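Q: Structure file start.csv (CSV, C-alpha atoms) is given on the next line.
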chain,number,residue,atom,x,y,z
U,1,MET,CA,-6.7,76.3,89.4
U,2,GLY,CA,-8.2,79.2,87.7
U,3,GLY,CA,-10.0,80.7,90.7
U,4,PRO,CA,-9.4,83.7,92.7
U,5,PHE,CA,-6.8,81.9,94.9
U,6,ALA,CA,-4.7,81.1,92.0
U,7,ARG,CA,-4.7,84.6,90.8
U,8,ILE,CA,-3.7,85.8,94.2
U,9,LEU,CA,-0.6,83.5,94.2
U,10,GLU,CA,0.3,84.4,90.6
U,11,VAL,CA,1.6,87.8,91.4
U,12,PRO,CA,4.1,86.9,94.2
U,13,LEU,CA,5.3,83.9,92.1
U,14,HIS,CA,6.1,86.2,89.2
U,15,VAL,CA,7.9,88.5,91.6
U,16,VAL,CA,10.0,85.6,93.1
U,17,ALA,CA,10.8,84.4,89.6
U,18,SER,CA,11.8,87.9,88.5
U,19,ILE,CA,14.1,88.2,91.6
U,20,GLN,CA,15.7,84.9,90.9
U,21,ASP,CA,16.3,85.9,87.3
U,22,SER,CA,17.9,89.1,88.5
U,23,ILE,CA,20.1,87.3,91.0
U,24,SER,CA,21.1,84.8,88.4
U,25,HIS,CA,21.9,87.5,85.9
U,26,ALA,CA,23.9,89.5,88.5
U,27,TRP,CA,25.8,86.4,89.5
U,28,ASP,CA,26.6,85.6,85.9
U,29,HIS,CA,27.7,89.2,85.4
U,30,TYR,CA,29.9,89.0,88.5
U,31,ILE,CA,31.5,85.8,87.3
U,32,ALA,CA,32.1,87.4,83.9
U,33,LEU,CA,33.7,90.5,85.6
U,34,GLN,CA,35.8,88.2,87.8
U,35,ASN,CA,37.1,86.3,84.7
U,36,VAL,CA,37.9,89.6,83.0
U,37,TRP,CA,39.7,90.9,86.1
U,38,GLU,CA,41.8,87.7,86.3
U,39,GLU,CA,42.6,87.9,82.6
U,40,ASN,CA,43.6,91.5,83.0
U,41,GLN,CA,45.9,90.5,85.9
U,42,GLN,CA,47.4,87.8,83.8
U,43,LEU,CA,47.9,90.2,80.9
U,44,LYS,CA,49.6,92.8,83.2
U,45,GLN,CA,51.9,90.1,84.5
U,46,GLU,CA,52.7,89.0,81.0
U,47,ILE,CA,53.4,92.7,79.9
U,48,GLN,CA,55.7,93.2,82.9
U,49,ARG,CA,57.6,90.0,82.1
U,50,LEU,CA,58.0,91.0,78.4
U,51,GLN,CA,59.1,94.5,79.5
U,52,GLY,CA,61.7,93.0,81.8
U,53,GLU,CA,62.9,90.7,79.1
U,54,GLN,CA,63.0,93.6,76.6
U,55,ASN,CA,65.0,95.7,79.1
U,56,PHE,CA,67.5,92.8,79.7
U,57,LEU,CA,68.0,92.3,76.0
U,58,ARG,CA,68.5,96.1,75.5
U,59,GLU,CA,71.1,96.1,78.3
U,60,HIS,CA,72.7,93.0,76.8
U,61,ALA,CA,72.9,94.7,73.4
U,62,ILE,CA,74.5,97.9,74.8
U,63,PHE,CA,77.0,95.9,76.8
U,64,ALA,CA,77.8,93.7,73.8
U,65,MET,CA,78.4,96.8,71.6
U,66,GLN,CA,80.8,98.3,74.3
U,67,SER,CA,82.6,95.0,74.6
U,68,GLN,CA,83.0,94.8,70.9
U,69,GLN,CA,84.6,98.2,70.8
U,70,LEU,CA,87.0,97.2,73.5
U,71,LEU,CA,87.9,93.9,71.7
U,72,ALA,CA,88.4,95.7,68.4
U,73,TYR,CA,90.8,98.1,70.1
U,74,GLN,CA,92.5,95.2,71.9
U,75,GLN,CA,93.2,93.5,68.6
U,76,THR,CA,94.8,96.6,67.0
U,77,THR,CA,96.8,98.1,69.9
U,78,PRO,CA,100.6,97.4,70.1
U,79,MET,CA,100.4,95.9,73.6
U,80,THR,CA,98.9,93.0,75.4
U,81,THR,CA,95.7,93.7,77.4
U,82,LEU,CA,93.2,91.7,79.3
U,83,PRO,CA,89.5,92.7,79.2
U,84,ALA,CA,87.6,92.8,82.5
U,85,ARG,CA,84.1,93.7,83.6
U,86,ILE,CA,83.4,96.2,86.4
U,87,ILE,CA,81.5,94.5,89.2
U,88,GLY,CA,81.7,97.1,91.9
U,89,ARG,CA,82.4,100.8,92.6
U,90,ASN,CA,83.4,103.0,95.5
U,91,VAL,CA,83.4,106.8,95.0
U,92,SER,CA,83.7,108.5,98.4
U,93,ASN,CA,85.6,111.2,100.2
U,94,TRP,CA,88.3,108.7,101.0
U,95,TYR,CA,89.1,107.1,97.6
U,96,ARG,CA,87.7,106.5,94.2
U,97,ALA,CA,87.9,102.9,93.1
U,98,MET,CA,86.2,100.1,91.2
U,99,ILE,CA,86.4,96.3,91.3
U,100,ILE,CA,86.9,94.2,88.2
U,101,ASN,CA,86.2,90.5,87.7
U,102,LYS,CA,89.7,89.5,86.9
U,103,GLY,CA,92.5,88.7,89.5
U,104,ASN,CA,95.9,87.1,89.9
U,105,LEU,CA,94.6,83.8,88.6
U,106,ASP,CA,94.1,85.7,85.3
U,107,GLY,CA,97.6,87.3,85.4
U,108,ILE,CA,96.6,90.6,87.0
U,109,HIS,CA,99.2,92.2,89.3
U,110,PRO,CA,99.4,95.5,91.3
U,111,GLU,CA,100.6,98.6,89.4
U,112,MET,CA,99.2,97.4,86.1
U,113,GLY,CA,97.6,100.2,84.1
U,114,VAL,CA,93.9,100.2,83.2
U,115,ILE,CA,92.4,101.8,80.1
U,116,THR,CA,89.5,101.8,77.7
U,117,ASP,CA,89.6,102.3,73.9
U,118,ALA,CA,89.2,106.0,74.7
U,119,GLY,CA,92.1,106.4,77.2
U,120,VAL,CA,93.5,106.0,80.7
U,121,VAL,CA,91.3,104.9,83.5
U,122,GLY,CA,93.6,104.2,86.5
U,123,ARG,CA,95.9,101.6,88.1
U,124,VAL,CA,95.5,98.2,89.8
U,125,VAL,CA,96.3,98.6,93.5
U,126,ARG,CA,95.1,95.3,95.1
U,127,VAL,CA,94.6,91.9,93.6
U,128,ASN,CA,92.6,88.8,94.8
U,129,PRO,CA,92.4,85.5,93.1
U,130,THR,CA,89.4,86.4,91.0
U,131,THR,CA,89.0,90.1,91.4
U,132,ALA,CA,91.1,93.3,91.6
U,133,VAL,CA,90.7,96.8,92.9
U,134,VAL,CA,91.5,99.7,90.5
U,135,LEU,CA,92.0,103.2,91.7
U,136,LEU,CA,90.8,105.8,89.2
U,137,LEU,CA,92.9,108.5,87.8
U,138,SER,CA,90.8,111.0,89.8
U,139,ASP,CA,92.0,109.5,93.1
U,140,PRO,CA,94.8,111.5,94.8
U,141,ASN,CA,96.7,108.2,95.4
U,142,VAL,CA,97.2,107.8,91.7
U,143,ALA,CA,100.0,109.7,89.9
U,144,ILE,CA,101.3,109.0,86.4
U,145,THR,CA,103.7,111.0,84.1
U,146,GLY,CA,101.9,112.9,81.4
U,147,MET,CA,102.9,115.0,78.4
U,148,ILE,CA,101.3,118.0,76.6
U,149,GLN,CA,101.0,116.5,73.2
U,150,LYS,CA,101.5,119.8,71.3
U,151,SER,CA,104.4,121.3,73.2
U,152,ARG,CA,105.9,118.0,74.5
U,153,ASP,CA,106.2,119.4,78.0
U,154,GLU,CA,106.0,116.8,80.7
U,155,GLY,CA,104.4,116.9,84.1
U,156,LEU,CA,102.8,114.7,86.9
U,157,VAL,CA,99.2,113.8,86.4
U,158,GLN,CA,97.4,113.2,89.7
U,159,GLY,CA,93.9,113.2,91.2
U,160,THR,CA,92.7,115.4,94.0
U,161,PRO,CA,90.5,114.8,97.0
U,162,GLN,CA,87.7,116.7,95.2
U,163,GLY,CA,87.9,114.2,92.3
U,164,THR,CA,89.5,116.6,89.7
U,165,ILE,CA,92.7,115.8,87.9
U,166,HIS,CA,95.7,118.1,87.9
U,167,MET,CA,98.9,118.2,85.9
U,168,LYS,CA,101.7,119.4,88.2
U,169,TYR,CA,105.2,120.7,87.6
U,170,LEU,CA,104.6,122.1,84.1
U,171,PRO,CA,107.6,124.2,83.1
U,172,PRO,CA,107.1,127.9,83.9
U,173,LEU,CA,107.7,128.9,80.2
U,174,SER,CA,105.6,126.1,78.7
U,175,PRO,CA,103.1,127.5,76.1
U,176,VAL,CA,100.4,125.2,77.4
U,177,GLN,CA,96.8,126.4,76.8
U,178,PRO,CA,93.3,125.2,77.5
U,179,GLY,CA,92.2,122.6,75.0
U,180,ASP,CA,95.7,121.1,74.6
U,181,PRO,CA,95.6,117.2,74.6
U,182,VAL,CA,97.4,115.4,77.4
U,183,VAL,CA,98.9,111.9,76.8
U,184,THR,CA,101.0,109.4,78.8
U,185,SER,CA,104.7,110.0,78.5
U,186,GLY,CA,105.7,106.4,78.8
U,187,LEU,CA,108.3,107.0,81.5
U,188,THR,CA,106.7,104.7,84.1
U,189,ASP,CA,106.0,100.9,84.0
U,190,ASP,CA,102.2,101.2,84.0
U,191,PHE,CA,101.4,102.9,80.7
U,192,PRO,CA,103.1,103.1,77.4
U,193,ARG,CA,103.7,106.4,75.6
U,194,GLY,CA,100.9,108.2,73.8
U,195,LEU,CA,97.7,107.0,75.5
U,196,GLN,CA,95.0,109.7,75.9
U,197,ILE,CA,94.5,111.2,79.3
U,198,GLY,CA,92.3,114.3,78.5
U,199,ARG,CA,92.6,117.9,77.7
U,200,ILE,CA,93.8,120.9,79.6
U,201,GLN,CA,90.8,122.8,81.0
U,202,GLN,CA,92.6,125.7,82.6
U,203,VAL,CA,96.2,126.7,83.6
U,204,THR,CA,97.1,128.5,86.8
U,205,LYS,CA,100.4,129.8,88.3
U,206,ALA,CA,100.6,131.9,91.4
U,207,ASP,CA,103.4,134.5,91.8
U,208,THR,CA,105.1,132.3,94.4
U,209,ASP,CA,104.9,129.1,92.3
U,210,LEU,CA,107.8,127.9,90.2
U,211,PHE,CA,105.7,125.7,88.0
U,212,GLN,CA,102.4,126.0,86.2
U,213,LEU,CA,99.4,123.8,87.2
U,214,GLY,CA,97.0,122.5,84.6
U,215,GLU,CA,93.5,121.1,85.4
U,216,ILE,CA,92.6,118.2,83.1
U,217,ASP,CA,89.2,117.3,81.7
U,218,PRO,CA,89.6,113.5,81.4
U,219,ILE,CA,88.8,111.8,78.2
U,220,VAL,CA,87.1,108.9,80.0
U,221,ASP,CA,83.8,109.3,81.9
U,222,PHE,CA,84.6,107.2,84.9
U,223,SER,CA,80.9,107.2,86.1
U,224,LYS,CA,79.8,105.3,83.0
U,225,LEU,CA,82.4,102.6,82.7
U,226,GLU,CA,81.2,99.0,82.5
U,227,ALA,CA,84.3,97.3,81.1
U,228,VAL,CA,88.0,98.0,80.8
U,229,LEU,CA,91.3,96.6,79.6
U,230,VAL,CA,94.2,95.9,81.9
U,231,ILE,CA,97.7,96.3,80.4
U,232,THR,CA,99.6,93.2,81.1
U,233,SER,CA,102.5,93.9,78.8
U,234,PHE,CA,103.8,96.7,76.6
U,235,GLN,CA,104.6,94.1,73.9
U,236,PRO,CA,101.9,93.0,71.5
U,237,ALA,CA,100.1,89.7,72.1
U,238,LEU,CA,101.4,86.6,70.2
U,239,PRO,CA,99.5,85.9,67.0
U,240,SER,CA,98.3,82.6,68.4
U,241,SER,CA,96.8,84.0,71.5
U,242,LEU,CA,93.1,84.7,71.6
U,243,PRO,CA,91.4,87.6,73.4
U,244,ASN,CA,89.8,86.7,76.7
U,245,PRO,CA,86.1,87.3,76.5
U,246,ILE,CA,84.4,89.8,78.8
U,247,VAL,CA,81.8,88.0,80.8
U,248,SER,CA,78.4,89.2,79.7
U,249,PRO,CA,75.8,90.5,82.3
U,250,THR,CA,73.6,87.9,83.9
U,251,PRO,CA,69.9,88.5,84.4
As a first step, turn the structure in this file into structure tokens.
A:
Amino acid sequence: MGGPFARILEVPLHVVASIQDSISHAWDHYIALQNVWEENQQLKQEIQRLQGEQNFLREHAIFAMQSQQLLAYQQTTPMTTLPARIIGRNVSNWYRAMIINKGNLDGIHPEMGVITDAGVVGRVVRVNPTTAVVLLLSDPNVAITGMIQKSRDEGLVQGTPQGTIHMKYLPPLSPVQPGDPVVTSGLTDDFPRGLQIGRIQQVTKADTDLFQLGEIDPIVDFSKLEAVLVITSFQPALPSSLPNPIVSPTP
């Protein structure tokens, strides 16, 4: 078919073939882009998974380091303590408390003192079989006897509704000054003598007051606590006893 009719058909056939090639190329390109998009989505999901895993491992490492510090302190301190992990908090206008993952099944009882390797945290006030509520030293319902380490003057350390910590009933002639360390006096059954509480931030005494009042900057940052030690006895643990492990965080 080399006549005029064939030449007339040749042009549209080329056009149709060209359109088909363009459609096929565009479809292949679309499929390729779709595959790339799916691969990108898979890679993004994998990156998110790896980032989550990395973050968990980082948190686990930080918690393990803090736990190791507590256990090292536990093994050297001249008293028996039980490590516990903080599993809940309540800081409100009514009370300042935290919940730990140890209870009366672990030997925890109300009025036991709670500390870290740095110093005093608070006191156990309520106990359940597997958990316990600890009021922080900044709560107004917690009061312990303290002592100015330098002058040896004693007073009552108590929280306030505002969350600050005061040392009341300091002798009027006490030479207490800002920066003086405050430690436990050991006159109550919850804390032995000499545990760090904090430092005097300022001292006030109104003309009508008989005693001086010291405001304490606590040694422990209560907002960053993750694990603590509960004092179960002022006597050291028996050599055969092993420290109870702090349960590590779960993912």
Q: Hey, which bits of region 78-148 of chain U sit within 12 Å of region 164-172 of chain U, and for each residue what's the closest pair of atoms and how far apart in Å (one decimal), counting all atoms listed in the file, rows by chain and increasing number, as CSV?
A:
residue,atom,partner,partner_atom,distance
U:Arg96,CA,U:Thr164,CA,11.2
U:Val121,CA,U:Ile165,CA,11.8
U:Gly122,CA,U:Ile165,CA,11.7
U:Leu136,CA,U:Ile165,CA,10.3
U:Leu137,CA,U:Ile165,CA,7.3
U:Ser138,CA,U:Ile165,CA,5.5
U:Asp139,CA,U:Ile165,CA,8.2
U:Pro140,CA,U:Ile165,CA,8.4
U:Asn141,CA,U:Ile165,CA,11.4
U:Val142,CA,U:Ile165,CA,9.9
U:Ala143,CA,U:Met167,CA,9.5
U:Ile144,CA,U:Met167,CA,9.5
U:Thr145,CA,U:Met167,CA,8.8
U:Gly146,CA,U:Met167,CA,7.6
U:Met147,CA,U:Met167,CA,9.1
U:Ile148,CA,U:Leu170,CA,9.2
Q: Which neighbours of region 98-103 of chain U fall inside 6 Å, counting all atoms listed in the file, when residues of the same chain fewer than 4 positions from it are skipped, and could you give them as number ranges by chain?
A: U: 84-90, 108, 127-134
Q: Could you tell me how far CA of Pro78 (chain U) sits from CA of Ser151 (chain U), in Å to one decimal place?
A: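 Calculated distance between CA of Ser151 (chain U) and CA of Pro78 (chain U) is 24.4 Å.
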Q: Restricting the calculation to only C-alpha atoms, which member of U:Glu39, U:Leu33, U:Glu111, U:Thr76 is positioned closest to Asp189 (chain U)?
A: U:Glu111
Q: Of the candidates U:His29, U:His109, U:Lys150, U:Arg123, which one gets nearest to Val182 (chain U) if we count all atoms listed in the file?
A: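 Using all atoms listed in the file, Val182 (chain U) sits closest to U:Lys150.
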Q: What is the CA of Gln158 (chain U) to CA of Val203 (chain U) distance in Å?
A: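 According to the coordinates, CA of Gln158 (chain U) and CA of Val203 (chain U) are separated by 14.9 Å.
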Q: So which one's closest to Leu156 (chain U), U:Pro192, U:Pro236, U:Gly179, U:Gly186? Using all atoms listed in the file, please.
A: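 Closest to Leu156 (chain U), using all atoms listed in the file: U:Gly186.
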Q: In Å to one decimal, how far is CA of Leu229 (chain U) from CA of Gly113 (chain U)?
A: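 These atoms are spaced 8.5 Å apart.
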Q: Find the spatial neighbours of Leu82 (chain U), counting all atoms listed in the file, within a cut-off of 12 Å - ignore same-chain residues fewer than 2 positions away - and output them as number ranges by chain.
A: U: 70-71, 73-75, 77, 79-80, 84-85, 100-104, 106-109, 112-116, 227-233, 236-237, 241-246
Q: N, CA, C and O atoms are needed for region 107-127 of chain U; please write them out as an mmCIF file, keeping the file's coordinate frame.
A:
data_model
loop_
_atom_site.group_PDB
_atom_site.id
_atom_site.type_symbol
_atom_site.label_atom_id
_atom_site.label_comp_id
_atom_site.auth_asym_id
_atom_site.auth_seq_id
_atom_site.Cartn_x
_atom_site.Cartn_y
_atom_site.Cartn_z
ATOM 1 N N GLY U 107 96.340 86.576 85.749
ATOM 2 C CA GLY U 107 97.600 87.300 85.400
ATOM 3 C C GLY U 107 97.613 88.729 85.752
ATOM 4 O O GLY U 107 98.497 89.462 85.296
ATOM 5 N N ILE U 108 96.666 89.188 86.579
ATOM 6 C CA ILE U 108 96.600 90.600 87.000
ATOM 7 C C ILE U 108 97.551 90.792 88.193
ATOM 8 O O ILE U 108 97.565 89.976 89.130
ATOM 9 N N HIS U 109 98.314 91.893 88.188
ATOM 10 C CA HIS U 109 99.200 92.200 89.300
ATOM 11 C C HIS U 109 99.072 93.694 89.657
ATOM 12 O O HIS U 109 98.647 94.513 88.826
ATOM 13 N N PRO U 110 99.406 94.051 90.887
ATOM 14 C CA PRO U 110 99.400 95.500 91.300
ATOM 15 C C PRO U 110 100.281 96.314 90.386
ATOM 16 O O PRO U 110 101.274 95.826 89.844
ATOM 17 N N GLU U 111 99.901 97.569 90.235
ATOM 18 C CA GLU U 111 100.600 98.600 89.400
ATOM 19 C C GLU U 111 100.375 98.463 87.943
ATOM 20 O O GLU U 111 100.913 99.261 87.173
ATOM 21 N N MET U 112 99.546 97.514 87.506
ATOM 22 C CA MET U 112 99.200 97.400 86.100
ATOM 23 C C MET U 112 98.266 98.583 85.715
ATOM 24 O O MET U 112 97.361 98.936 86.485
ATOM 25 N N GLY U 113 98.466 99.163 84.545
ATOM 26 C CA GLY U 113 97.600 100.200 84.100
ATOM 27 C C GLY U 113 96.283 99.709 83.540
ATOM 28 O O GLY U 113 96.205 98.600 83.013
ATOM 29 N N VAL U 114 95.236 100.519 83.683
ATOM 30 C CA VAL U 114 93.900 100.200 83.200
ATOM 31 C C VAL U 114 93.396 101.235 82.274
ATOM 32 O O VAL U 114 93.491 102.432 82.576
ATOM 33 N N ILE U 115 92.860 100.812 81.135
ATOM 34 C CA ILE U 115 92.400 101.800 80.100
ATOM 35 C C ILE U 115 91.123 101.310 79.477
ATOM 36 O O ILE U 115 90.593 100.241 79.793
ATOM 37 N N THR U 116 90.591 102.156 78.600
ATOM 38 C CA THR U 116 89.500 101.800 77.700
ATOM 39 C C THR U 116 90.041 102.119 76.265
ATOM 40 O O THR U 116 91.174 102.579 76.104
ATOM 41 N N ASP U 117 89.201 101.909 75.273
ATOM 42 C CA ASP U 117 89.600 102.300 73.900
ATOM 43 C C ASP U 117 89.727 103.805 73.796
ATOM 44 O O ASP U 117 90.354 104.302 72.860
ATOM 45 N N ALA U 118 89.145 104.562 74.756
ATOM 46 C CA ALA U 118 89.200 106.000 74.700
ATOM 47 C C ALA U 118 90.543 106.529 75.338
ATOM 48 O O ALA U 118 91.200 107.426 74.807
ATOM 49 N N GLY U 119 90.917 105.945 76.484
ATOM 50 C CA GLY U 119 92.100 106.400 77.200
ATOM 51 C C GLY U 119 92.303 105.840 78.522
ATOM 52 O O GLY U 119 91.770 104.779 78.842
ATOM 53 N N VAL U 120 93.063 106.553 79.371
ATOM 54 C CA VAL U 120 93.500 106.000 80.700
ATOM 55 C C VAL U 120 92.375 106.079 81.689
ATOM 56 O O VAL U 120 91.629 107.054 81.789
ATOM 57 N N VAL U 121 92.289 104.994 82.481
ATOM 58 C CA VAL U 121 91.300 104.900 83.500
ATOM 59 C C VAL U 121 91.923 104.989 84.916
ATOM 60 O O VAL U 121 91.479 105.759 85.765
ATOM 61 N N GLY U 122 92.970 104.195 85.167
ATOM 62 C CA GLY U 122 93.600 104.200 86.500
ATOM 63 C C GLY U 122 94.627 103.107 86.601
ATOM 64 O O GLY U 122 95.221 102.689 85.608
ATOM 65 N N ARG U 123 94.825 102.607 87.825
ATOM 66 C CA ARG U 123 95.900 101.600 88.100
ATOM 67 C C ARG U 123 95.394 100.579 89.077
ATOM 68 O O ARG U 123 94.687 100.890 90.038
ATOM 69 N N VAL U 124 95.790 99.326 88.849
ATOM 70 C CA VAL U 124 95.500 98.200 89.800
ATOM 71 C C VAL U 124 96.298 98.447 91.057
ATOM 72 O O VAL U 124 97.506 98.674 91.012
ATOM 73 N N VAL U 125 95.623 98.364 92.218
ATOM 74 C CA VAL U 125 96.300 98.600 93.500
ATOM 75 C C VAL U 125 96.252 97.357 94.410
ATOM 76 O O VAL U 125 97.093 97.189 95.289
ATOM 77 N N ARG U 126 95.221 96.522 94.237
ATOM 78 C CA ARG U 126 95.100 95.300 95.100
ATOM 79 C C ARG U 126 94.506 94.205 94.252
ATOM 80 O O ARG U 126 93.570 94.424 93.481
ATOM 81 N N VAL U 127 95.041 92.996 94.447
ATOM 82 C CA VAL U 127 94.600 91.900 93.600
ATOM 83 C C VAL U 127 94.226 90.685 94.526
ATOM 84 O O VAL U 127 94.943 90.351 95.484
#
